[in-house]
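Colleague: This is the structure, below, for whatever I ask next.
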Amino acid sequence: MSTIPLTKRGAEKIKAELHQLKSVERHAVIQAIAEARAQGDLSENAEYDAAKDKQGFIEGRILEIEGKLAAAQIIDPATLDAGGRIVFGTTVDLEDEESGDAVTYQIVGDDEADLKQGMISISSPIARALIGKEVGDVAEVRAPGGVRSYEVIAVRYI
């Protein structure tokens with residue numbers, strides 16, 4: 001199994017989700033199943049079926065998260081020393097060469113990506129184009145709307 005890169009913050013987030021699933025959600029669904037069983041005939045009991053479906057989802061998600069954590073390579077961007085190059089975990093300020101718009105992104109793992117918060121997946125086209133670049137370099141990104149050029153304005157390890 002290959003390693004899954006995660007930032008320190010991303011690992012803490014999925015560990016919190018795992019804790020929530022194991023300590024709260026799992027117990028709540030067990031209680032719901034018990035209550036549905038108490039109602040009698042299980043063959044026509046929609047509450048029982050819904051609770052069993054939810055239990056299956058919760059247990060599947062627990063296994064998925066545990067697998068990701070087992071294969072995780074946790075990287076703390078604050079401890080990186082990449083000599084000014086863009087690497088996983090880097091926060092980068094870019095300027096769109098066509099429009100002049102400035103954007104800031106942090107390159108994170110697939111599970112952490114959230115464009116609204118400025119976090120892009122390491123497997124996204126823009127992140128792949130940025131990896132290895134330095135301040136002053138231009139990254140050409142092939143996007144569905146065509147090729148876009150971004151100049152790297154700043155590289156930070158935070």
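Chain identifiers are assigned as A, B, and so on, following the order in which chains appear in the structure tokens; residues are numbered from 1 within each chain, and ligands are numbered from 1 in order of appearance.
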Skipping near chain neighbours, those fewer than 5 positions away, what residues fall within 10 Å of Glu140 of chain A using only C-alpha atoms, listed as a PDB file with N, CA, C and O atoms, in the first residue's frame?
Modeller:
ATOM      1  N   PRO A 125      -4.524  19.480 -10.959  1.00  0.00           N
ATOM      2  CA  PRO A 125      -3.644  19.959 -12.032  1.00  0.00           C
ATOM      3  C   PRO A 125      -2.791  21.160 -11.605  1.00  0.00           C
ATOM      4  O   PRO A 125      -1.608  21.233 -11.955  1.00  0.00           O
ATOM      5  N   ILE A 126      -3.363  22.084 -10.844  1.00  0.00           N
ATOM      6  CA  ILE A 126      -2.581  23.261 -10.456  1.00  0.00           C
ATOM      7  C   ILE A 126      -1.461  22.888  -9.488  1.00  0.00           C
ATOM      8  O   ILE A 126      -0.340  23.369  -9.604  1.00  0.00           O
ATOM      9  N   ALA A 129       1.355  21.249 -11.325  1.00  0.00           N
ATOM     10  CA  ALA A 129       2.130  22.228 -12.100  1.00  0.00           C
ATOM     11  C   ALA A 129       3.031  23.063 -11.194  1.00  0.00           C
ATOM     12  O   ALA A 129       4.069  23.550 -11.637  1.00  0.00           O
ATOM     13  N   LEU A 130       2.634  23.239  -9.931  1.00  0.00           N
ATOM     14  CA  LEU A 130       3.399  24.092  -9.014  1.00  0.00           C
ATOM     15  C   LEU A 130       4.570  23.383  -8.336  1.00  0.00           C
ATOM     16  O   LEU A 130       5.559  24.034  -7.990  1.00  0.00           O
ATOM     17  N   VAL A 147      -5.398  26.687 -21.037  1.00  0.00           N
ATOM     18  CA  VAL A 147      -4.135  26.813 -20.309  1.00  0.00           C
ATOM     19  C   VAL A 147      -4.103  28.151 -19.574  1.00  0.00           C
ATOM     20  O   VAL A 147      -4.403  29.194 -20.164  1.00  0.00           O
ATOM     21  N   ARG A 148      -3.755  28.108 -18.296  1.00  0.00           N
ATOM     22  CA  ARG A 148      -3.640  29.323 -17.479  1.00  0.00           C
ATOM     23  C   ARG A 148      -2.209  29.404 -16.964  1.00  0.00           C
ATOM     24  O   ARG A 148      -1.608  28.384 -16.638  1.00  0.00           O
ATOM     25  N   SER A 149      -1.685  30.610 -16.887  1.00  0.00           N
ATOM     26  CA  SER A 149      -0.329  30.819 -16.389  1.00  0.00           C
ATOM     27  C   SER A 149      -0.386  31.576 -15.078  1.00  0.00           C
ATOM     28  O   SER A 149      -1.062  32.595 -14.967  1.00  0.00           O
ATOM     29  N   TYR A 150       0.358  31.060 -14.088  1.00  0.00           N
ATOM     30  CA  TYR A 150       0.429  31.689 -12.773  1.00  0.00           C
ATOM     31  C   TYR A 150       1.881  31.953 -12.425  1.00  0.00           C
ATOM     32  O   TYR A 150       2.728  31.075 -12.563  1.00  0.00           O
ATOM     33  N   GLU A 151       2.171  33.169 -11.975  1.00  0.00           N
ATOM     34  CA  GLU A 151       3.505  33.488 -11.493  1.00  0.00           C
ATOM     35  C   GLU A 151       3.532  33.272  -9.988  1.00  0.00           C
ATOM     36  O   GLU A 151       2.623  33.681  -9.268  1.00  0.00           O
TER      37      GLU A 151
END
Colleague: From the list A:Gln117, A:Gln39, A:Thr91, A:Gln55, which residue is nearest Ala154 of chain A when using only C-alpha atoms?
Modeller: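 Once distances to Ala154 of chain A are computed over only C-alpha atoms, the minimum belongs to A:Thr91.
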Colleague: Considering only C-alpha atoms, can you say which of A:Val155, A:Asp137, A:Asp101, A:Ile58 comes closest to Val24 of chain A?
Modeller: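 Using only C-alpha atoms, the shortest distance to Val24 of chain A belongs to A:Ile58.
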Colleague: Mind checking which residues fall within 12 Å of Pro5 of chain A, counting only C-alpha atoms, ignoring those fewer than 3 positions away in the same chain, and posting them as JSON, numbers by chain?
Modeller: {"A": [2, 8, 9, 10, 11, 68, 69, 70, 71, 72, 73, 74, 75, 76, 77, 87, 88, 89, 107, 108, 109, 110, 111, 112, 113, 121, 122, 123]}
